[in-house]
>>> print(open('model.csv').read())   # CSV, C-alpha atoms
chain,number,residue,atom,x,y,z
A,1,GLN,CA,126.0,133.1,40.4
A,2,VAL,CA,129.5,133.1,38.9
A,3,GLN,CA,131.5,136.2,39.5
A,4,LEU,CA,135.0,136.9,38.2
A,5,VAL,CA,136.9,140.1,39.3
A,6,GLU,CA,140.1,141.0,37.7
A,7,SER,CA,142.7,143.4,39.1
A,8,GLY,CA,146.3,144.4,38.6
A,9,GLY,CA,146.3,146.2,35.3
A,10,GLY,CA,147.9,149.5,34.7
A,11,LEU,CA,150.4,151.5,32.7
A,12,VAL,CA,153.9,150.1,32.4
A,13,GLN,CA,156.9,150.7,30.1
A,14,ALA,CA,158.0,148.2,27.6
A,15,GLY,CA,160.2,145.6,29.2
A,16,GLY,CA,158.3,145.9,32.5
A,17,SER,CA,156.2,143.5,34.4
A,18,LEU,CA,152.6,143.2,35.8
A,19,ARG,CA,150.8,140.6,37.7
A,20,LEU,CA,147.1,140.2,37.1
A,21,SER,CA,144.7,138.5,39.5
A,22,CYS,CA,141.2,137.1,39.0
A,23,ALA,CA,139.2,136.3,42.1
A,24,ALA,CA,136.3,133.8,41.4
A,25,SER,CA,133.2,133.2,43.4
A,26,GLY,CA,130.0,131.2,42.9
A,27,ILE,CA,131.7,128.1,41.5
A,28,ARG,CA,133.6,125.1,42.8
A,29,PHE,CA,136.8,126.8,41.6
A,30,SER,CA,139.2,123.8,41.9
A,31,ILE,CA,137.4,121.7,39.3
A,32,TYR,CA,137.3,124.2,36.4
A,33,ALA,CA,139.8,125.3,33.8
A,34,MET,CA,140.4,129.0,33.9
A,35,GLY,CA,141.6,131.3,31.1
A,36,TRP,CA,143.0,134.8,30.5
A,37,TYR,CA,141.9,136.5,27.3
A,38,ARG,CA,142.8,140.0,26.0
A,39,GLN,CA,141.2,142.4,23.5
A,40,ALA,CA,143.3,145.1,21.9
A,41,PRO,CA,141.7,148.2,20.4
A,42,GLY,CA,140.0,147.2,17.1
A,43,ARG,CA,140.8,143.6,17.4
A,44,GLN,CA,138.9,140.4,18.4
A,45,ARG,CA,139.3,138.9,21.9
A,46,GLU,CA,142.0,136.3,21.9
A,47,LEU,CA,143.1,133.6,24.3
A,48,VAL,CA,146.3,134.5,26.1
A,49,ALA,CA,146.7,131.5,28.5
A,50,SER,CA,144.7,128.8,30.2
A,51,ILE,CA,145.2,126.4,33.1
A,52,SER,CA,143.4,123.2,33.7
A,53,SER,CA,142.0,122.0,37.0
A,54,GLY,CA,145.1,119.8,37.3
A,55,GLY,CA,147.5,122.7,36.5
A,56,MET,CA,148.3,122.0,32.9
A,57,THR,CA,149.0,125.3,31.1
A,58,ASN,CA,148.6,126.5,27.5
A,59,TYR,CA,149.8,129.8,26.0
A,60,ALA,CA,149.4,131.8,22.9
A,61,GLY,CA,152.6,131.8,20.8
A,62,SER,CA,153.0,135.5,21.2
A,63,VAL,CA,153.3,135.3,25.0
A,64,LYS,CA,155.1,132.0,25.5
A,65,GLY,CA,158.2,132.4,27.6
A,66,ARG,CA,157.1,135.8,28.9
A,67,PHE,CA,153.8,135.1,30.6
A,68,THR,CA,153.0,132.6,33.3
A,69,ILE,CA,149.5,131.5,34.4
A,70,SER,CA,149.0,130.0,37.8
A,71,ARG,CA,146.2,129.3,40.2
A,72,ASP,CA,145.7,129.1,44.0
A,73,ASN,CA,142.7,126.9,44.7
A,74,ALA,CA,142.8,127.9,48.4
A,75,VAL,CA,141.9,131.5,47.6
A,76,PHE,CA,139.9,130.8,44.4
A,77,THR,CA,142.2,133.0,42.3
A,78,VAL,CA,144.0,132.7,39.0
A,79,TYR,CA,147.0,134.8,38.2
A,80,LEU,CA,148.8,136.0,35.1
A,81,GLN,CA,152.4,137.0,35.6
A,82,MET,CA,153.5,139.1,32.6
A,83,ASN,CA,157.2,139.9,32.0
A,84,SER,CA,159.1,141.6,29.2
A,85,LEU,CA,155.9,143.4,28.2
A,86,LYS,CA,155.6,144.8,24.7
A,87,PRO,CA,153.4,147.6,23.4
A,88,GLU,CA,151.5,144.9,21.5
A,89,ASP,CA,150.4,143.4,24.8
A,90,THR,CA,148.3,146.5,25.3
A,91,GLY,CA,144.6,145.7,25.8
A,92,VAL,CA,141.8,144.8,28.2
A,93,TYR,CA,142.5,141.5,29.9
A,94,TYR,CA,139.6,139.3,30.8
A,95,CYS,CA,139.3,136.3,33.1
A,96,ASN,CA,137.1,133.4,31.8
A,97,VAL,CA,135.6,130.2,33.1
A,98,ALA,CA,133.2,127.9,31.1
A,99,VAL,CA,130.6,126.3,33.3
A,100,GLY,CA,128.6,123.8,31.3
A,101,ILE,CA,127.6,125.6,28.1
A,102,LEU,CA,127.9,129.1,29.7
A,103,ASN,CA,131.0,131.2,29.2
A,104,ASN,CA,131.5,133.6,32.2
A,105,TRP,CA,133.6,136.7,31.9
A,106,GLY,CA,134.9,139.4,34.3
A,107,LYS,CA,134.7,143.1,33.5
A,108,GLY,CA,138.4,143.1,32.6
A,109,THR,CA,141.4,145.1,33.6
A,110,LEU,CA,143.3,147.5,31.3
A,111,VAL,CA,146.9,146.9,30.5
A,112,THR,CA,148.8,149.7,28.7
A,113,VAL,CA,152.4,149.2,27.6
A,114,SER,CA,154.2,152.3,26.5
A,115,SER,CA,157.1,152.2,24.1
>>> encode(input="model.csv", output="structure tokens")
Amino acid sequence: QVQLVESGGGLVQAGGSLRLSCAASGIRFSIYAMGWYRQAPGRQRELVASISSGGMTNYAGSVKGRFTISRDNAVFTVYLQMNSLKPEDTGVYYCNVAVGILNNWGKGTLVTVSS
């Protein structure tokens, strides 16, 4: 059974930083691409960043240069370092892994950026 547990969200002022973590279990972590998504109030869930099993990264244009996704296969964890946060980065951030045809999600962690 796949489990994804996010942590690290909180309230931060604009310009500040947060580091999100997602601990995975129930999968052979090192062979899967991992992703971070976010959902702002009243908006659809969107991809923020992803990292392949080999470490190749991909970012949404709105976060490129400010956010960094990374992974530590030894502790089955993927991270999202968020710098220069903006109020529009506010939302619930979800960790994702696709195993076969199944999309697996964590419960999310709330990030609130005040202006």
>>> atom_distance(input="model.csv", atom1="atom CA of A:Ile69", atom2="atom CA of A:Gln81")
6.3 Å
>>> closest_residue(input="model.csv", among="A:Val2, A:Ile27, A:Met34, A:Ala14", to="A:Val111", atoms="all atoms listed in the file")
A:Ala14
>>> atom_distance(input="model.csv", atom1="atom CA of A:Leu18", atom2="atom CA of A:Arg43")
21.9 Å
>>> residues_around(input="model.csv", residues="A:Val48", least_positions_apart="4", cutoff="9 Å", atoms="all atoms listed in the file", output="VMD selection string")
chain A and resid 35 to 38 58 to 63 67 93
>>> closest_residue(input="model.csv", among="A:Gly26, A:Gly42, A:Gly65, A:Gly108", to="A:Ser84", atoms="only C-alpha atoms")
A:Gly65
>>> closest_residue(input="model.csv", among="A:Ser53, A:Ser70, A:Thr112, A:Asn83", to="A:Cys22", atoms="only C-alpha atoms")
A:Ser70
>>> atom_distance(input="model.csv", atom1="atom CA of A:Ile51", atom2="atom CA of A:Ala98")
12.3 Å
>>> closest_residue(input="model.csv", among="A:Val12, A:Ala23, A:Val99, A:Val5", to="A:Asp72", atoms="all atoms listed in the file")
A:Ala23
>>> residues_near_point(input="model.csv", point="(151.1, 151.0, 32.4)", cutoff="10 Å", atoms="all atoms listed in the file", output="list in words")
Gly9, Gly10, Leu11, Val12, Gln13, Ala14, Gly16, Ser17, Leu18, Leu85, Pro87, Thr90, Leu110, Val111, Thr112, Val113 and Ser114 of chain A
>>> closest_residue(input="model.csv", among="A:Trp105, A:Gln1, A:Cys95, A:Lys64", to="A:Ser25", atoms="all atoms listed in the file")
A:Gln1
>>> residues_near_point(input="model.csv", point="(140.8, 132.0, 48.0)", cutoff="10 Å", atoms="all atoms listed in the file", output="PDB file with C-alpha atoms, in the frame of the given file")
ATOM      1  CA  ALA A  23     139.200 136.300  42.100  1.00  0.00           C
ATOM      2  CA  ALA A  24     136.300 133.800  41.400  1.00  0.00           C
ATOM      3  CA  SER A  25     133.200 133.200  43.400  1.00  0.00           C
ATOM      4  CA  PHE A  29     136.800 126.800  41.600  1.00  0.00           C
ATOM      5  CA  ARG A  71     146.200 129.300  40.200  1.00  0.00           C
ATOM      6  CA  ASP A  72     145.700 129.100  44.000  1.00  0.00           C
ATOM      7  CA  ASN A  73     142.700 126.900  44.700  1.00  0.00           C
ATOM      8  CA  ALA A  74     142.800 127.900  48.400  1.00  0.00           C
ATOM      9  CA  VAL A  75     141.900 131.500  47.600  1.00  0.00           C
ATOM     10  CA  PHE A  76     139.900 130.800  44.400  1.00  0.00           C
ATOM     11  CA  THR A  77     142.200 133.000  42.300  1.00  0.00           C
ATOM     12  CA  VAL A  78     144.000 132.700  39.000  1.00  0.00           C
TER      13      VAL A  78
END
